[in-house]
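What's in coords_10.tsv: TSV, C-alpha atoms
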```tsv
chain	number	residue	atom	x	y	z
A	4	MET	CA	23.27	20.07	139.67
A	5	GLU	CA	19.60	19.26	140.01
A	6	LYS	CA	18.08	18.22	136.67
A	7	LEU	CA	16.54	21.00	134.58
A	8	SER	CA	13.53	18.77	133.92
A	9	ASN	CA	12.33	20.12	137.27
A	10	PRO	CA	10.34	23.23	136.20
A	11	GLN	CA	11.42	25.12	139.34
A	12	LYS	CA	15.08	24.61	138.42
A	13	THR	CA	14.42	25.87	134.90
A	14	ILE	CA	12.72	28.99	136.29
A	15	GLU	CA	15.61	29.51	138.74
A	16	ILE	CA	18.21	29.40	135.95
A	17	ILE	CA	16.19	31.64	133.63
A	18	GLN	CA	15.74	34.24	136.38
A	19	LYS	CA	19.37	34.06	137.49
A	20	TYR	CA	20.61	34.98	134.04
A	21	GLY	CA	17.73	37.30	133.16
A	22	PHE	CA	17.08	35.18	130.10
A	23	THR	CA	14.17	36.13	127.85
A	24	PHE	CA	12.73	33.76	125.27
A	25	ARG	CA	13.39	34.97	121.75
A	26	LYS	CA	10.67	34.28	119.23
A	27	LYS	CA	13.09	34.33	116.29
A	28	PHE	CA	14.80	31.21	117.67
A	29	GLY	CA	11.55	29.36	118.43
A	30	GLN	CA	12.61	28.60	121.99
A	31	ASN	CA	10.42	26.19	124.00
A	32	PHE	CA	12.30	24.33	126.74
A	33	LEU	CA	11.27	20.80	127.75
A	34	ILE	CA	10.32	20.40	131.41
A	35	ASP	CA	9.09	16.80	131.52
A	36	GLY	CA	11.47	14.06	132.59
A	37	HIS	CA	9.33	11.27	131.11
A	38	VAL	CA	9.50	12.87	127.65
A	39	LEU	CA	13.24	13.37	127.96
A	40	ASP	CA	13.64	9.68	128.84
A	41	ARG	CA	11.53	8.76	125.81
A	42	ILE	CA	13.78	10.81	123.52
A	43	VAL	CA	16.94	9.13	124.84
A	44	ASP	CA	15.33	5.69	124.61
A	45	ALA	CA	14.06	6.32	121.07
A	46	ALA	CA	17.53	7.49	120.01
A	47	ARG	CA	19.01	4.18	121.24
A	48	ILE	CA	22.06	5.95	122.60
A	49	THR	CA	24.96	4.01	124.12
A	50	LYS	CA	28.36	4.93	125.53
A	51	GLU	CA	29.79	4.11	122.09
A	52	ASP	CA	27.88	7.01	120.52
A	53	CYS	CA	28.73	10.61	119.77
A	54	VAL	CA	25.51	12.65	119.73
A	55	VAL	CA	25.10	16.05	118.12
A	56	GLU	CA	22.33	18.02	119.79
A	57	ILE	CA	20.78	20.83	117.79
A	58	GLY	CA	19.65	23.78	119.91
A	59	PRO	CA	20.35	22.63	123.49
A	60	GLY	CA	18.65	25.70	124.99
A	61	ILE	CA	19.61	25.76	128.68
A	62	GLY	CA	20.80	22.14	128.53
A	63	THR	CA	17.74	20.18	129.69
A	64	LEU	CA	17.94	17.38	127.10
A	65	THR	CA	21.73	17.70	127.01
A	66	GLN	CA	21.99	16.47	130.61
A	67	TYR	CA	20.05	13.31	129.74
A	68	LEU	CA	22.06	12.74	126.55
A	69	ALA	CA	25.35	13.19	128.39
A	70	GLU	CA	24.44	10.46	130.88
A	71	ALA	CA	23.68	8.00	128.09
A	72	ALA	CA	26.29	8.85	125.41
A	73	GLY	CA	30.03	8.71	125.22
A	74	LYS	CA	30.23	12.23	123.81
A	75	VAL	CA	27.76	15.06	123.18
A	76	VAL	CA	28.40	18.04	120.90
A	77	ALA	CA	25.71	20.66	121.50
A	78	VAL	CA	25.31	23.26	118.73
A	79	GLU	CA	23.58	26.44	119.94
A	80	ILE	CA	22.91	29.54	117.80
A	81	ASP	CA	21.85	31.90	120.62
A	82	ARG	CA	24.91	33.49	122.24
A	83	MET	CA	22.81	34.45	125.28
A	84	LEU	CA	22.58	30.75	126.17
A	85	ILE	CA	26.30	29.97	126.04
A	86	PRO	CA	27.14	31.16	129.61
A	87	ILE	CA	24.02	29.40	130.94
A	88	LEU	CA	25.16	26.14	129.33
A	89	GLY	CA	28.54	26.67	130.95
A	90	GLU	CA	26.82	26.36	134.34
A	91	THR	CA	24.13	23.77	133.66
A	92	LEU	CA	26.55	21.38	131.95
A	93	ALA	CA	29.53	21.91	134.27
A	94	ASP	CA	29.06	18.41	135.75
A	95	TYR	CA	29.29	16.74	132.33
A	96	PRO	CA	32.88	16.63	131.02
A	97	ASN	CA	31.77	14.67	127.93
A	98	VAL	CA	29.82	17.66	126.55
A	99	THR	CA	31.24	20.22	124.13
A	100	VAL	CA	29.16	23.33	123.35
A	101	LEU	CA	29.61	25.04	119.98
A	102	HIS	CA	28.18	28.51	119.37
A	103	GLN	CA	27.18	27.93	115.74
A	104	ASP	CA	24.29	27.76	113.31
A	105	ILE	CA	23.59	24.07	112.58
A	106	LEU	CA	22.89	24.94	108.93
A	107	LYS	CA	26.51	26.16	108.68
A	108	THR	CA	28.11	23.49	110.86
A	109	ASP	CA	30.50	20.95	109.31
A	110	LEU	CA	29.17	17.67	110.71
A	111	ALA	CA	31.77	15.66	108.81
A	112	ALA	CA	34.48	17.55	110.70
A	113	ILE	CA	32.68	16.93	114.01
A	114	ALA	CA	32.44	13.23	113.21
A	115	GLN	CA	36.16	13.17	112.45
A	116	GLU	CA	37.22	15.13	115.54
A	117	TYR	CA	34.93	13.62	118.14
A	118	ASN	CA	33.95	10.20	116.78
A	119	GLY	CA	36.89	8.89	114.76
A	120	GLY	CA	35.01	9.53	111.51
A	121	ARG	CA	32.17	7.19	112.50
A	122	PRO	CA	28.55	8.27	111.93
A	123	LEU	CA	26.97	10.60	114.47
A	124	LYS	CA	23.52	10.45	116.05
A	125	ILE	CA	21.40	13.59	115.99
A	126	ALA	CA	19.06	14.56	118.82
A	127	ALA	CA	17.07	17.78	118.97
A	128	ASN	CA	14.09	19.68	120.24
A	129	LEU	CA	13.85	21.57	116.97
A	130	PRO	CA	12.55	25.14	116.65
A	131	TYR	CA	9.32	24.67	114.71
A	132	TYR	CA	9.81	27.60	112.34
A	133	ILE	CA	12.87	25.96	110.79
A	134	THR	CA	12.19	22.23	111.34
A	135	THR	CA	11.82	21.22	107.69
A	136	PRO	CA	14.88	23.16	106.39
A	137	ILE	CA	17.09	21.63	109.09
A	138	ILE	CA	15.88	18.07	108.51
A	139	MET	CA	16.09	18.35	104.72
A	140	ASP	CA	19.53	19.96	104.86
A	141	LEU	CA	20.83	17.07	107.00
A	142	LEU	CA	19.22	14.43	104.78
A	143	GLU	CA	20.22	15.91	101.42
A	144	ALA	CA	23.79	16.66	102.47
A	145	ARG	CA	24.31	12.95	103.23
A	146	VAL	CA	26.35	13.88	106.28
A	147	PRO	CA	27.84	11.08	108.42
A	148	VAL	CA	24.70	10.52	110.53
A	149	SER	CA	23.07	7.16	111.32
A	150	THR	CA	19.93	8.34	113.12
A	151	MET	CA	18.00	11.51	113.91
A	152	THR	CA	15.65	11.72	116.90
A	153	VAL	CA	13.86	15.04	116.81
A	154	MET	CA	10.99	16.83	118.49
A	155	VAL	CA	8.80	18.37	115.81
A	156	GLN	CA	5.34	19.86	115.48
A	157	LYS	CA	2.88	16.95	115.50
A	158	GLU	CA	1.52	17.77	112.06
A	159	VAL	CA	5.05	17.71	110.62
A	160	GLY	CA	5.57	14.26	112.13
A	161	GLU	CA	2.31	13.10	110.56
A	162	ARG	CA	3.46	14.43	107.18
A	163	MET	CA	6.72	12.50	107.47
A	164	MET	CA	4.82	9.25	108.01
A	165	ALA	CA	1.99	9.86	105.50
A	166	GLY	CA	1.25	7.60	102.54
A	167	PRO	CA	-0.43	8.15	99.14
A	168	GLY	CA	-4.02	9.36	99.10
A	169	THR	CA	-3.96	10.97	102.55
A	170	LYS	CA	-4.29	14.69	103.28
A	171	ASP	CA	-0.88	14.83	104.99
A	172	TYR	CA	0.95	13.17	102.07
A	173	GLY	CA	3.26	15.47	100.17
A	174	ALA	CA	6.80	16.35	99.12
A	175	LEU	CA	8.11	16.14	102.71
A	176	SER	CA	6.67	12.62	103.11
A	177	LEU	CA	8.44	11.40	99.99
A	178	ALA	CA	11.73	13.14	100.75
A	179	VAL	CA	11.95	11.81	104.31
A	180	GLN	CA	10.97	8.29	103.20
A	181	TYR	CA	13.52	8.39	100.37
A	182	TYR	CA	16.40	9.15	102.72
A	183	ALA	CA	15.22	7.51	105.96
A	184	GLU	CA	12.79	5.22	107.72
A	185	PRO	CA	10.58	7.41	109.97
A	186	TYR	CA	9.04	6.18	113.21
A	187	LEU	CA	6.73	8.03	115.62
A	188	ALA	CA	8.27	7.50	119.06
A	189	ALA	CA	5.95	9.67	121.19
A	190	ASN	CA	3.25	12.30	121.13
A	191	VAL	CA	3.97	15.27	123.40
A	192	PRO	CA	1.34	17.75	124.70
A	193	PRO	CA	2.03	21.49	125.04
A	194	ASN	CA	2.23	21.39	128.86
A	195	CYS	CA	5.60	19.60	128.62
A	196	PHE	CA	7.28	22.84	127.54
A	197	MET	CA	8.14	26.27	128.91
A	198	PRO	CA	6.70	28.43	127.50
A	199	ARG	CA	3.84	26.30	126.20
A	200	PRO	CA	3.59	26.14	122.40
A	201	LYS	CA	0.17	26.50	120.81
A	202	VAL	CA	0.44	23.12	119.08
A	203	ALA	CA	1.03	19.49	120.01
A	204	SER	CA	4.42	17.93	119.32
A	205	ALA	CA	5.85	14.56	118.39
A	206	VAL	CA	9.17	12.78	118.83
A	207	MET	CA	10.24	11.34	115.47
A	208	HIS	CA	13.04	8.81	115.05
A	209	LEU	CA	14.61	8.64	111.58
A	210	THR	CA	16.95	5.81	110.66
A	211	LEU	CA	18.95	6.99	107.67
A	212	ARG	CA	19.11	4.56	104.77
A	213	GLU	CA	22.44	3.37	103.41
A	214	GLN	CA	20.83	3.26	99.96
A	215	PRO	CA	17.58	4.87	98.74
A	216	PRO	CA	14.66	2.44	98.27
A	217	VAL	CA	14.40	3.35	94.56
A	218	GLU	CA	16.93	3.97	91.79
A	219	VAL	CA	16.72	6.95	89.44
A	220	PRO	CA	19.16	8.29	86.84
A	221	ASP	CA	18.73	11.86	88.13
A	222	GLU	CA	17.92	12.36	91.82
A	223	LYS	CA	17.50	16.13	91.45
A	224	LEU	CA	14.96	15.61	88.66
A	225	LEU	CA	13.02	13.18	90.87
A	226	PHE	CA	12.56	15.82	93.54
A	227	ARG	CA	11.76	18.57	91.04
A	228	VAL	CA	8.99	16.31	89.72
A	229	ILE	CA	7.74	15.60	93.25
A	230	ARG	CA	7.73	19.27	94.26
A	231	ALA	CA	5.95	20.23	91.04
A	232	ALA	CA	3.33	17.52	91.58
A	233	PHE	CA	2.43	18.84	95.02
A	234	GLY	CA	2.95	22.51	94.19
A	235	GLN	CA	-0.40	22.37	92.40
A	236	ARG	CA	-1.92	19.31	94.02
A	237	ARG	CA	-5.48	20.11	92.88
A	238	LYS	CA	-4.40	19.82	89.25
A	239	THR	CA	-3.78	16.62	87.36
A	240	LEU	CA	-0.17	15.49	87.41
A	241	ALA	CA	0.08	16.16	83.66
A	242	ASN	CA	-0.93	19.80	84.09
A	243	ALA	CA	1.16	20.32	87.23
A	244	LEU	CA	4.32	19.06	85.51
A	245	THR	CA	3.65	20.90	82.24
A	246	ASN	CA	3.07	24.22	84.06
A	247	ALA	CA	6.03	23.90	86.45
A	248	ALA	CA	8.66	26.58	85.88
A	249	THR	CA	11.33	24.22	87.24
A	250	LEU	CA	10.73	21.53	84.60
A	251	PRO	CA	11.64	21.78	80.88
A	252	PHE	CA	9.09	19.28	79.51
A	253	THR	CA	6.41	19.91	76.92
A	254	LYS	CA	2.86	18.69	77.33
A	255	GLU	CA	3.59	15.97	74.76
A	256	GLN	CA	6.69	14.79	76.63
A	257	VAL	CA	4.81	14.65	79.92
A	258	SER	CA	1.96	12.68	78.34
A	259	ALA	CA	4.40	10.25	76.75
A	260	ALA	CA	6.23	9.74	80.05
A	261	LEU	CA	2.97	9.12	81.93
A	262	GLU	CA	1.94	6.54	79.36
A	263	GLN	CA	5.36	4.88	79.44
A	264	ALA	CA	5.19	4.72	83.24
A	265	GLY	CA	1.78	3.07	83.03
A	266	LEU	CA	-0.04	5.96	84.71
A	267	PRO	CA	-3.52	7.28	83.81
A	268	ALA	CA	-3.57	10.62	81.98
A	269	ALA	CA	-5.78	12.19	84.68
A	270	VAL	CA	-3.83	10.90	87.71
A	271	ARG	CA	-2.95	13.34	90.51
A	272	GLY	CA	0.41	13.43	92.26
A	273	GLU	CA	-1.08	12.52	95.64
A	274	ALA	CA	-2.00	9.07	94.27
A	275	LEU	CA	1.61	8.10	93.46
A	276	ASP	CA	3.96	6.32	95.84
A	277	LEU	CA	7.74	6.70	95.74
A	278	PRO	CA	8.39	3.85	93.25
A	279	ALA	CA	5.78	5.36	90.87
A	280	PHE	CA	7.42	8.80	91.09
A	281	ALA	CA	10.81	7.18	90.47
A	282	LYS	CA	9.50	5.40	87.37
A	283	LEU	CA	7.91	8.61	86.07
A	284	ALA	CA	11.13	10.60	86.65
A	285	THR	CA	13.09	7.93	84.81
A	286	CYS	CA	10.67	8.09	81.86
A	287	LEU	CA	10.87	11.89	81.82
A	288	ALA	CA	14.68	11.74	81.81
A	289	GLU	CA	14.50	9.51	78.74
A	290	GLN	CA	12.40	12.15	76.95
A	291	THR	CA	15.40	14.49	76.86
A	292	GLU	CA	17.96	11.93	75.68
```

Structure rendered as structure tokens:
Amino acid sequence: MEKLSNPQKTIEIIQKYGFTFRKKFGQNFLIDGHVLDRIVDAARITKEDCVVEIGPGIGTLTQYLAEAAGKVVAVEIDRMLIPILGETLADYPNVTVLHQDILKTDLAAIAQEYNGGRPLKIAANLPYYITTPIIMDLLEARVPVSTMTVMVQKEVGERMMAGPGTKDYGALSLAVQYYAEPYLAANVPPNCFMPRPKVASAVMHLTLREQPPVEVPDEKLLFRVIRAAFGQRRKTLANALTNAATLPFTKEQVSAALEQAGLPAAVRGEALDLPAFAKLATCLAEQTE
């Protein structure tokens, strides 16, 4: 079959099946071969790899992945796309399509069945409305995944890469950098999609860490502290942590922890890097011992 990166072929398939784009699934199909090549290159896919694609749509990226990988497992939530994928991927025997929600998919079982238990690689043109929940679910679950190469809204990509003191720096920056090493592989304009989104996009490559870059006695407490710090980012860190409903610390305990961590009383969360947050969380944990 002719590649779906040809816009005319995409239109032909959509019309043949009477497919209508559904807003609730955030569907924007890629129609630019150069961008598709960039995604495959950034993902560093070889014939030794099993790739899980999230949201294959009509199979545009899937075709490129199938030519580079040993095995592709495409997880699609929209049942209307399953028969289309049956046609567009008919020439690729190394592709398996699963009609599932990725947030409910057992990736450990997929790794076992299709990759001998070895880590998977993730590739996806993610629906923007659910980008962060999908990425965080995959990172926090510590599923058997070595890399994630994902198309995201450009501003989300900038937040993943952001450092202390910048406007884009926040809880997502720290969470992504705790679990992975993010890299901006490409910027992608709206005209590379059908239909065109209203925002620019970016291809992000995340290499998952074998071990986090910092050690803390309580990982969940670390992220409660981080979320509280940015939940009220205009306030001082002391006030943000004291007022947070998710944290049990008194004003005195917060002040003592800040002092023990060597942080100024009036510091704001946006000024702290990951090691500083880890030290503060460790000091807070000691306040309850």

**Prompt:** Mind listing as an NGL selection string all residues within 9 Å of (10.2, 8.0, 104.0), counting all atoms listed in the file?
**Reply:** :A and (163-165 or 175-185 or 209 or 277)

**Request:** Tell me, in Å to one decimal, how far atom CA of Val257 of chain A is from atom CA of Asp171 of chain A.
**Result:** 25.7 Å

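Atom CA of Gly73 of chain A is found 12.5 Å from atom CA of Gly119 of chain A.
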
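The shortest atom-to-atom distance to Glu70 of chain A, with only C-alpha atoms taken into account, belongs to A:Val98 out of A:Ala188, A:Ile85, A:Val98, A:Val55.
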
**Exercise: Glu222 of chain A partners within 12 Å, only C-alpha atoms, chain neighbours under 5 positions left out, as a PyMOL selection string** = chain A and resi 143+178+181-182+215+217+227-229+280-282+284-285+288

**Prompt:** Can you tell me how far atom CA of Glu255 of chain A sits from atom CA of Ala174 of chain A, in Å to one decimal?
**Reply:** 24.6 Å

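Nearest to Thr150 of chain A of all the residues A:Ile48, A:Ile17, A:Leu33, A:Ile80 is A:Ile48, based on only C-alpha atoms.
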
Test item: residues at most 10 Å from Tyr20 of chain A, only C-alpha atoms, excluding those fewer than 2 positions along its chain, as a PDB file with C-alpha atoms, keeping the file's coordinate frame:
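Dumped to selection-v3.pdb:
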```pdb
ATOM      1  CA  GLU A  15      15.610  29.510 138.740  1.00  0.00           C
ATOM      2  CA  ILE A  16      18.210  29.400 135.950  1.00  0.00           C
ATOM      3  CA  ILE A  17      16.190  31.640 133.630  1.00  0.00           C
ATOM      4  CA  GLN A  18      15.740  34.240 136.380  1.00  0.00           C
ATOM      5  CA  PHE A  22      17.080  35.180 130.100  1.00  0.00           C
ATOM      6  CA  THR A  23      14.170  36.130 127.850  1.00  0.00           C
ATOM      7  CA  MET A  83      22.810  34.450 125.280  1.00  0.00           C
ATOM      8  CA  LEU A  84      22.580  30.750 126.170  1.00  0.00           C
ATOM      9  CA  PRO A  86      27.140  31.160 129.610  1.00  0.00           C
ATOM     10  CA  ILE A  87      24.020  29.400 130.940  1.00  0.00           C
TER      11      ILE A  87
END
```

Write out as an mmCIF file with C-alpha atoms, keeping the file's coordinate frame the residues lying within 12 Å of Glu161 of chain A, counting all atoms listed in the file and excluding same-chain residues fewer than 6 positions away.
```cif
data_model
loop_
_atom_site.group_PDB
_atom_site.id
_atom_site.type_symbol
_atom_site.label_atom_id
_atom_site.label_comp_id
_atom_site.auth_asym_id
_atom_site.auth_seq_id
_atom_site.Cartn_x
_atom_site.Cartn_y
_atom_site.Cartn_z
ATOM 1 C CA VAL A 155 8.800 18.370 115.810
ATOM 2 C CA THR A 169 -3.960 10.970 102.550
ATOM 3 C CA LYS A 170 -4.290 14.690 103.280
ATOM 4 C CA ASP A 171 -0.880 14.830 104.990
ATOM 5 C CA TYR A 172 0.950 13.170 102.070
ATOM 6 C CA GLY A 173 3.260 15.470 100.170
ATOM 7 C CA LEU A 175 8.110 16.140 102.710
ATOM 8 C CA SER A 176 6.670 12.620 103.110
ATOM 9 C CA VAL A 179 11.950 11.810 104.310
ATOM 10 C CA PRO A 185 10.580 7.410 109.970
ATOM 11 C CA TYR A 186 9.040 6.180 113.210
ATOM 12 C CA LEU A 187 6.730 8.030 115.620
ATOM 13 C CA ALA A 188 8.270 7.500 119.060
ATOM 14 C CA ALA A 189 5.950 9.670 121.190
ATOM 15 C CA ASN A 190 3.250 12.300 121.130
ATOM 16 C CA ALA A 203 1.030 19.490 120.010
ATOM 17 C CA SER A 204 4.420 17.930 119.320
ATOM 18 C CA ALA A 205 5.850 14.560 118.390
ATOM 19 C CA VAL A 206 9.170 12.780 118.830
ATOM 20 C CA MET A 207 10.240 11.340 115.470
#
```

Polymer residues at most 9 Å from Pro278 of chain A, all atoms listed in the file, same-chain spacing of 5 or more positions, as a CSV table (one decimal) with C-alpha atoms, keeping the file's coordinate frame:
```csv
chain,number,residue,atom,x,y,z
A,216,PRO,CA,14.7,2.4,98.3
A,217,VAL,CA,14.4,3.4,94.6
A,218,GLU,CA,16.9,4.0,91.8
A,283,LEU,CA,7.9,8.6,86.1
```

Padding 5 Å on every side, please: axis-aligned box over the listed atoms of segment 39-54 of chain A, centre and edge lengths to one decimal in Å, as lines of an AutoDock Vina configuration file.
```
center_x = 20.7
center_y = 8.7
center_z = 124.3
size_x = 28.3
size_y = 19.4
size_z = 19.1
```

**Message:** Please return as number ranges by chain every residue within 10 Å of (-8.3, 15.2, 87.1), taking into account only C-alpha atoms and the file's own coordinates.
**Reply:** A: 237-242, 267-271

**Message:** I'd like the contact shell of Ala71 of chain A - 8 Å cut-off, all atoms listed in the file, skipping same-chain residues fewer than 5 positions apart - returned as a ChimeraX atom specification.
**Reply:** /A:43,48-50

Selected residues written out with C-alpha atoms, as a JSON list (two decimals), in the coordinates of the input:
```json
[["chain", "number", "residue", "atom", "x", "y", "z"],
["A", 43, "VAL", "CA", 16.94, 9.13, 124.84],
["A", 48, "ILE", "CA", 22.06, 5.95, 122.60],
["A", 49, "THR", "CA", 24.96, 4.01, 124.12],
["A", 50, "LYS", "CA", 28.36, 4.93, 125.53]]
```

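Comparing the minimum interatomic distances between Thr63 of chain A and each of A:Phe28, A:Tyr132, A:Phe196, A:Tyr117, counting only C-alpha atoms, we find that A:Phe196 sits nearest.
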
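In this comparison, which uses all atoms listed in the file, the residue of A:Ile125, A:Leu39, A:Leu275, A:Ile105 approaching Lys74 of chain A most closely is A:Ile125.
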
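If only C-alpha atoms are the atoms counted, then among A:Ile113, A:Ile137, A:Met197, A:Leu101 the closest residue to Glu79 of chain A is A:Leu101.
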
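You can rank A:Ile14, A:Met154, A:Ala144, A:Gly29 by their closest distance to Leu110 of chain A using all atoms listed in the file, and at the top of that list sits A:Ala144.
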